[in-house]
Amino acid sequence: MPVPKKSFLAQVLPDITPLRDSRDFRLLMASGVVTMFGTFITMVALPFQMWQLTGSYIAVGMMSLAEFVPMVVCGLWGGAIADSLDRRKIILRSEVGLALTSGALMVNALLPQPQVWVLYVVGVLSVGIACLQRPSMESLIPQVVRHDQLGAAAVLTSLRWNFGAIVAPALGGWLVAVLGPATAYGLDAASFLISLALLWRIGSRPPAEDAAPASIRSLIDGVRYATGRKDLMGTYLVDIAAMVFAMSTALYPALAEQYGAESATGLLYSAGAVGSLLASLTGRWTARVHRQGMGVIVAAAVWGAAVALAAAVPAFWALFACLALAGAADMISGIFRSTIWNQTIPHEMRGRLAGIELLSYSTGPMLGNTRASLMSQLGGTRFALGAGGLLCVAAVTALAAALPSFRRYDPRTDEHALAERARRAEQAPA
């Protein structure tokens with residue numbers, strides 16, 4: 001009997017099978033939607049309140065600098081504890097901690113004279129707790145989703161993130177401007193409490209029986225495992241190269257001014273998220289791609305080419321379209337990278353590797369914006385944008401040539417993917 005053909009929409013729209021089949025994945029997604037809105041609202045409220053209190057660009061900029069060290073330390077340590085303790089317990093305790101930090105910011109905002117030092121201290125503490133939690137959260141997905149559905153789960157997770165990234169900052173800006181920072185922080189605290197109620201229902205996820213305790217040595221073991229696999233190193237290095245050479249959000253205010261569209265500066269910041277959302281909405285096809293390593297390479301090269309093209313277009317909306325295309329390519333790259341990680345990294349290493357992943361996609365944009373600012377001082381914004389995009393394409397091409405195992409990665413033949421699939425098949429209920 002012939003199999004009926006799927007409609008065009010059914011072939012491109014996200015596959016929701018992981019949501020139907022996994023109760024715990026549904027709870028993780030629901031929790032993520034709730035907390036993402038709260039987190040993005042606070043992300044807008046913190047610099048807004050700092051500016052209100054100080055009127056200093058340096059004071060606002062120092063907030064990001066202060067958050068860098070806890071991001072690195074807590075991201076790595078969060079990966080180590082994710083492999084040595086019950087991941088559910090780590091996630092729940094972190095949610096409590098994040099609710100308390102948001103509550104502390106709300107109390108400070110309600111004071112007759114809010115304290116600037118509280119914004120720095122509590123902001124740093126919040127970032128540290130979030131980075132402790134994130135490896136456990138990300139390493140939980142392969143445990144609650146079937147191995148053959150990991151690609152679809154990556155698309156759904158990216159869709160959730162992009163929806164929040166577009167809607168929540170706008171909502172946060174309105175809330176802060178109209179109702180004040182205290183209301184924004186209060187909503188963030190409430191979002192963590194709602195999320196806590198959802199995550200409480202997730203089943204316990206204890207570590208492997210032979211799991212090593214969290215220590216510096218276990219962190220080093222994780223780094224050795226990552227560096228020993230060229231396919232994994234390819235995912236990190238290509239993403240870092242793409243971000244360092246082509247990330248240019250620091251140039252957006254100047255670009256908007258050059259196009260005579262200062263009032264539309266915010267549109268440039270949202271362009272990438274719009275492209276990412278469209279890529280996620282139509283990303284079902286990515287689950288049918290087996291050469292994910294090559295997919296990462298092509299997507300990263302398209303990202304760089306789109307940024308280079310943005311430097312040459314004459315109209316503002318053409319610039320917006322180029323940046324949206326770049327955002328779509330970056331999201332496709334992220335989906336493929338996430339699929340490789342979840343298909344091949346063993347359960348006992350997943351947390352530590354998630355910590356390394358966190359650093360790989362967090363440090364690149366910081367360095368990229370620094371690079372863009374320095375290059376714009378030398379040759380102007382268009383030079384920084386165009387040269388950065390071309391350097392990105394060149395760097396990605398060089399890495400593709402230098403890492404043939406990454407370029408040829410295919411889960412149907414890769415030893416790590418086959419081993420992980422066999423392990424999960426053995427553990428599946430009869």
# chains A, B, ... in the order shown; residues from 1 in each chain; ligands from 1
>>> select_by_dssp(residues="segment 250-396 of chain A", states="alpha helix (DSSP H)", output="ChimeraX atom specification")
/A:252-258,265-281,292-310,316-344,350-379,381-396
>>> residues_around(residues="Ile332 of chain A", least_positions_apart="4", cutoff="12 Å", atoms="only C-alpha atoms", output="NGL selection string")
:A and (151 or 154-155 or 158-159 or 239 or 275-287 or 289 or 292-303 or 325-328 or 336-339)
>>> residues_around(residues="Glu257 of chain A", least_positions_apart="6", cutoff="12 Å", atoms="only C-alpha atoms", output="list of chain:residue names")
A:Leu251, A:Ser263, A:Ala264, A:Thr265, A:Gly266, A:Leu268, A:Phe316, A:Thr381
>>> atom_distance(atom1="atom CA of Leu28 of chain A", atom2="atom CA of Glu138 of chain A")
9.9 Å
>>> closest_atom_pairs(of="segment 309-408 of chain A", to="segment 124-132 of chain A", cutoff="12 Å", atoms="only C-alpha atoms", output="Markdown table")
| residue | atom | partner | partner_atom | distance |
| --- | --- | --- | --- | --- |
| A:Gly351 | CA | A:Leu132 | CA | 10.3 |
| A:Arg352 | CA | A:Leu132 | CA | 11.0 |
| A:Ala354 | CA | A:Cys131 | CA | 10.3 |
| A:Gly355 | CA | A:Cys131 | CA | 8.2 |
| A:Ile356 | CA | A:Cys131 | CA | 11.2 |
| A:Glu357 | CA | A:Cys131 | CA | 11.4 |
| A:Leu358 | CA | A:Cys131 | CA | 8.1 |
| A:Leu359 | CA | A:Cys131 | CA | 9.8 |
| A:Ser362 | CA | A:Cys131 | CA | 10.9 |
>>> atom_distance(atom1="atom CA of Ala387 of chain A", atom2="atom CA of Leu309 of chain A")
10.2 Å
>>> residues_around(residues="Gln49 of chain A", least_positions_apart="4", cutoff="12 Å", atoms="only C-alpha atoms", output="PyMOL selection string")
chain A and resi 42-45+53-56+59-60+63+105-106+108-110+113-116+118-120+173+176-177+180-182+184-185
>>> residues_around(residues="Gly203 of chain A", least_positions_apart="3", cutoff="9 Å", atoms="only C-alpha atoms", output="CSV table (one decimal) with N, CA and C atoms, in the first residue's frame")
chain,number,residue,atom,x,y,z
A,24,ASP,N,8.2,14.7,30.2
A,24,ASP,CA,9.2,15.5,30.8
A,24,ASP,C,9.7,16.6,29.8
A,88,ARG,N,17.9,16.8,38.1
A,88,ARG,CA,16.7,17.4,38.5
A,88,ARG,C,16.8,18.3,39.8
A,199,LEU,N,8.7,22.1,36.9
A,199,LEU,CA,9.9,21.3,36.9
A,199,LEU,C,9.9,20.2,38.1
A,200,TRP,N,9.1,20.5,39.1
A,200,TRP,CA,9.0,19.6,40.2
A,200,TRP,C,8.4,18.3,39.8
>>> closest_residue(among="A:Ala256, A:Leu219, A:Met247, A:Cys392", to="Ala82 of chain A", atoms="only C-alpha atoms")
A:Leu219
>>> decode(residues="segment 232-379 of chain A", atoms="C-alpha atoms", output="PDB file, in the first residue's frame")
ATOM      1  CA  LEU A 232      33.183  18.092  18.660  1.00  0.00           C
ATOM      2  CA  MET A 233      36.062  20.551  18.327  1.00  0.00           C
ATOM      3  CA  GLY A 234      34.700  21.431  14.906  1.00  0.00           C
ATOM      4  CA  THR A 235      31.359  22.481  16.397  1.00  0.00           C
ATOM      5  CA  TYR A 236      33.088  24.731  18.931  1.00  0.00           C
ATOM      6  CA  LEU A 237      35.751  26.219  16.668  1.00  0.00           C
ATOM      7  CA  VAL A 238      33.461  26.970  13.725  1.00  0.00           C
ATOM      8  CA  ASP A 239      30.966  28.728  15.987  1.00  0.00           C
ATOM      9  CA  ILE A 240      33.671  30.745  17.764  1.00  0.00           C
ATOM     10  CA  ALA A 241      35.230  31.763  14.423  1.00  0.00           C
ATOM     11  CA  ALA A 242      31.833  32.770  13.033  1.00  0.00           C
ATOM     12  CA  MET A 243      31.047  34.925  16.055  1.00  0.00           C
ATOM     13  CA  VAL A 244      34.501  36.500  16.449  1.00  0.00           C
ATOM     14  CA  PHE A 245      34.722  37.559  12.799  1.00  0.00           C
ATOM     15  CA  ALA A 246      31.112  38.371  11.908  1.00  0.00           C
ATOM     16  CA  MET A 247      29.253  39.315  15.106  1.00  0.00           C
ATOM     17  CA  SER A 248      28.712  43.071  14.770  1.00  0.00           C
ATOM     18  CA  THR A 249      25.761  44.163  16.913  1.00  0.00           C
ATOM     19  CA  ALA A 250      27.963  46.881  18.448  1.00  0.00           C
ATOM     20  CA  LEU A 251      27.836  48.624  15.043  1.00  0.00           C
ATOM     21  CA  TYR A 252      24.040  48.807  14.788  1.00  0.00           C
ATOM     22  CA  PRO A 253      23.527  52.290  16.267  1.00  0.00           C
ATOM     23  CA  ALA A 254      26.127  53.760  13.895  1.00  0.00           C
ATOM     24  CA  LEU A 255      24.694  51.871  10.915  1.00  0.00           C
ATOM     25  CA  ALA A 256      21.178  53.108  11.651  1.00  0.00           C
ATOM     26  CA  GLU A 257      22.494  56.681  11.799  1.00  0.00           C
ATOM     27  CA  GLN A 258      24.284  56.292   8.459  1.00  0.00           C
ATOM     28  CA  TYR A 259      21.049  55.083   6.846  1.00  0.00           C
ATOM     29  CA  GLY A 260      19.140  57.992   8.393  1.00  0.00           C
ATOM     30  CA  ALA A 261      17.031  55.580  10.438  1.00  0.00           C
ATOM     31  CA  GLU A 262      18.086  56.249  14.021  1.00  0.00           C
ATOM     32  CA  SER A 263      14.548  55.598  15.260  1.00  0.00           C
ATOM     33  CA  ALA A 264      14.685  52.107  13.722  1.00  0.00           C
ATOM     34  CA  THR A 265      17.897  51.030  15.486  1.00  0.00           C
ATOM     35  CA  GLY A 266      15.906  48.454  17.445  1.00  0.00           C
ATOM     36  CA  LEU A 267      14.868  46.785  14.189  1.00  0.00           C
ATOM     37  CA  LEU A 268      18.494  45.952  13.454  1.00  0.00           C
ATOM     38  CA  TYR A 269      18.812  44.244  16.827  1.00  0.00           C
ATOM     39  CA  SER A 270      15.646  42.215  16.147  1.00  0.00           C
ATOM     40  CA  ALA A 271      16.561  41.298  12.554  1.00  0.00           C
ATOM     41  CA  GLY A 272      18.655  38.284  13.524  1.00  0.00           C
ATOM     42  CA  ALA A 273      15.950  37.009  15.878  1.00  0.00           C
ATOM     43  CA  VAL A 274      13.320  37.369  13.124  1.00  0.00           C
ATOM     44  CA  GLY A 275      15.473  35.308  10.757  1.00  0.00           C
ATOM     45  CA  SER A 276      16.126  32.740  13.472  1.00  0.00           C
ATOM     46  CA  LEU A 277      12.412  32.432  14.197  1.00  0.00           C
ATOM     47  CA  LEU A 278      11.611  31.855  10.529  1.00  0.00           C
ATOM     48  CA  ALA A 279      14.376  29.244  10.333  1.00  0.00           C
ATOM     49  CA  SER A 280      12.958  27.472  13.388  1.00  0.00           C
ATOM     50  CA  LEU A 281       9.374  27.578  12.102  1.00  0.00           C
ATOM     51  CA  THR A 282      10.425  25.995   8.810  1.00  0.00           C
ATOM     52  CA  GLY A 283      13.240  23.867  10.238  1.00  0.00           C
ATOM     53  CA  ARG A 284      11.676  20.414  10.136  1.00  0.00           C
ATOM     54  CA  TRP A 285      13.866  19.569   7.141  1.00  0.00           C
ATOM     55  CA  THR A 286      16.976  19.771   9.334  1.00  0.00           C
ATOM     56  CA  ALA A 287      15.971  16.532  11.084  1.00  0.00           C
ATOM     57  CA  ARG A 288      16.317  14.735   7.725  1.00  0.00           C
ATOM     58  CA  VAL A 289      19.913  15.937   7.217  1.00  0.00           C
ATOM     59  CA  HIS A 290      22.541  13.345   8.160  1.00  0.00           C
ATOM     60  CA  ARG A 291      25.709  15.289   7.329  1.00  0.00           C
ATOM     61  CA  GLN A 292      25.286  17.704  10.231  1.00  0.00           C
ATOM     62  CA  GLY A 293      28.975  18.629  10.303  1.00  0.00           C
ATOM     63  CA  MET A 294      28.804  19.852   6.726  1.00  0.00           C
ATOM     64  CA  GLY A 295      25.521  21.532   7.634  1.00  0.00           C
ATOM     65  CA  VAL A 296      27.274  23.552  10.352  1.00  0.00           C
ATOM     66  CA  ILE A 297      30.027  24.554   7.901  1.00  0.00           C
ATOM     67  CA  VAL A 298      27.617  25.686   5.171  1.00  0.00           C
ATOM     68  CA  ALA A 299      25.373  27.544   7.609  1.00  0.00           C
ATOM     69  CA  ALA A 300      28.323  29.352   9.216  1.00  0.00           C
ATOM     70  CA  ALA A 301      29.638  30.345   5.773  1.00  0.00           C
ATOM     71  CA  VAL A 302      26.203  31.694   4.809  1.00  0.00           C
ATOM     72  CA  TRP A 303      26.140  33.656   8.074  1.00  0.00           C
ATOM     73  CA  GLY A 304      29.451  35.298   7.174  1.00  0.00           C
ATOM     74  CA  ALA A 305      28.452  35.946   3.571  1.00  0.00           C
ATOM     75  CA  ALA A 306      25.181  37.572   4.658  1.00  0.00           C
ATOM     76  CA  VAL A 307      27.048  39.884   7.051  1.00  0.00           C
ATOM     77  CA  ALA A 308      29.526  40.817   4.287  1.00  0.00           C
ATOM     78  CA  LEU A 309      26.620  41.512   1.906  1.00  0.00           C
ATOM     79  CA  ALA A 310      25.017  43.732   4.558  1.00  0.00           C
ATOM     80  CA  ALA A 311      28.000  46.080   4.228  1.00  0.00           C
ATOM     81  CA  ALA A 312      27.301  46.649   0.530  1.00  0.00           C
ATOM     82  CA  VAL A 313      23.516  47.077   0.301  1.00  0.00           C
ATOM     83  CA  PRO A 314      22.247  50.630  -0.305  1.00  0.00           C
ATOM     84  CA  ALA A 315      18.874  50.555   1.503  1.00  0.00           C
ATOM     85  CA  PHE A 316      17.931  50.119   5.158  1.00  0.00           C
ATOM     86  CA  TRP A 317      15.445  47.294   4.523  1.00  0.00           C
ATOM     87  CA  ALA A 318      17.998  45.446   2.418  1.00  0.00           C
ATOM     88  CA  LEU A 319      20.337  45.703   5.411  1.00  0.00           C
ATOM     89  CA  PHE A 320      17.564  44.308   7.623  1.00  0.00           C
ATOM     90  CA  ALA A 321      17.026  41.416   5.185  1.00  0.00           C
ATOM     91  CA  CYS A 322      20.738  40.550   5.159  1.00  0.00           C
ATOM     92  CA  LEU A 323      20.884  40.523   8.951  1.00  0.00           C
ATOM     93  CA  ALA A 324      17.737  38.375   9.076  1.00  0.00           C
ATOM     94  CA  LEU A 325      19.353  35.917   6.646  1.00  0.00           C
ATOM     95  CA  ALA A 326      22.438  35.860   8.865  1.00  0.00           C
ATOM     96  CA  GLY A 327      20.250  35.111  11.898  1.00  0.00           C
ATOM     97  CA  ALA A 328      18.513  32.276  10.052  1.00  0.00           C
ATOM     98  CA  ALA A 329      21.851  30.736   9.069  1.00  0.00           C
ATOM     99  CA  ASP A 330      23.143  31.023  12.625  1.00  0.00           C
ATOM    100  CA  MET A 331      20.046  29.246  13.947  1.00  0.00           C
ATOM    101  CA  ILE A 332      20.426  26.398  11.425  1.00  0.00           C
ATOM    102  CA  SER A 333      24.051  26.040  12.511  1.00  0.00           C
ATOM    103  CA  GLY A 334      22.917  25.917  16.135  1.00  0.00           C
ATOM    104  CA  ILE A 335      20.337  23.208  15.410  1.00  0.00           C
ATOM    105  CA  PHE A 336      22.946  21.028  13.709  1.00  0.00           C
ATOM    106  CA  ARG A 337      25.505  21.587  16.486  1.00  0.00           C
ATOM    107  CA  SER A 338      22.963  20.716  19.172  1.00  0.00           C
ATOM    108  CA  THR A 339      21.990  17.553  17.297  1.00  0.00           C
ATOM    109  CA  ILE A 340      25.629  16.408  17.041  1.00  0.00           C
ATOM    110  CA  TRP A 341      26.180  17.008  20.758  1.00  0.00           C
ATOM    111  CA  ASN A 342      23.062  15.154  21.852  1.00  0.00           C
ATOM    112  CA  GLN A 343      23.585  12.262  19.423  1.00  0.00           C
ATOM    113  CA  THR A 344      27.154  11.468  20.395  1.00  0.00           C
ATOM    114  CA  ILE A 345      28.123  12.625  23.891  1.00  0.00           C
ATOM    115  CA  PRO A 346      27.689   9.875  26.516  1.00  0.00           C
ATOM    116  CA  HIS A 347      25.410  10.465  29.481  1.00  0.00           C
ATOM    117  CA  GLU A 348      28.261  10.570  31.996  1.00  0.00           C
ATOM    118  CA  MET A 349      30.003  13.393  30.063  1.00  0.00           C
ATOM    119  CA  ARG A 350      27.000  15.393  28.845  1.00  0.00           C
ATOM    120  CA  GLY A 351      26.994  17.934  31.689  1.00  0.00           C
ATOM    121  CA  ARG A 352      30.679  18.828  31.449  1.00  0.00           C
ATOM    122  CA  LEU A 353      30.463  19.165  27.704  1.00  0.00           C
ATOM    123  CA  ALA A 354      27.365  21.360  28.079  1.00  0.00           C
ATOM    124  CA  GLY A 355      29.499  23.657  30.241  1.00  0.00           C
ATOM    125  CA  ILE A 356      32.120  23.851  27.490  1.00  0.00           C
ATOM    126  CA  GLU A 357      29.379  24.519  24.921  1.00  0.00           C
ATOM    127  CA  LEU A 358      28.098  27.375  27.068  1.00  0.00           C
ATOM    128  CA  LEU A 359      31.513  29.018  26.942  1.00  0.00           C
ATOM    129  CA  SER A 360      31.940  28.447  23.218  1.00  0.00           C
ATOM    130  CA  TYR A 361      28.761  30.285  22.242  1.00  0.00           C
ATOM    131  CA  SER A 362      28.985  32.951  24.965  1.00  0.00           C
ATOM    132  CA  THR A 363      32.551  34.219  24.535  1.00  0.00           C
ATOM    133  CA  GLY A 364      32.439  34.453  20.732  1.00  0.00           C
ATOM    134  CA  PRO A 365      29.881  37.307  20.564  1.00  0.00           C
ATOM    135  CA  MET A 366      31.750  39.279  23.242  1.00  0.00           C
ATOM    136  CA  LEU A 367      35.013  39.021  21.315  1.00  0.00           C
ATOM    137  CA  GLY A 368      33.225  39.650  18.024  1.00  0.00           C
ATOM    138  CA  ASN A 369      31.736  42.939  19.140  1.00  0.00           C
ATOM    139  CA  THR A 370      35.140  44.020  20.440  1.00  0.00           C
ATOM    140  CA  ARG A 371      36.666  43.147  17.061  1.00  0.00           C
ATOM    141  CA  ALA A 372      33.909  45.043  15.225  1.00  0.00           C
ATOM    142  CA  SER A 373      34.415  48.151  17.376  1.00  0.00           C
ATOM    143  CA  LEU A 374      38.196  48.181  16.806  1.00  0.00           C
ATOM    144  CA  MET A 375      37.873  47.626  13.053  1.00  0.00           C
ATOM    145  CA  SER A 376      35.272  50.379  12.768  1.00  0.00           C
ATOM    146  CA  GLN A 377      37.736  52.766  14.422  1.00  0.00           C
ATOM    147  CA  LEU A 378      40.263  51.888  11.709  1.00  0.00           C
ATOM    148  CA  GLY A 379      38.092  51.842   8.605  1.00  0.00           C
TER     149      GLY A 379
END
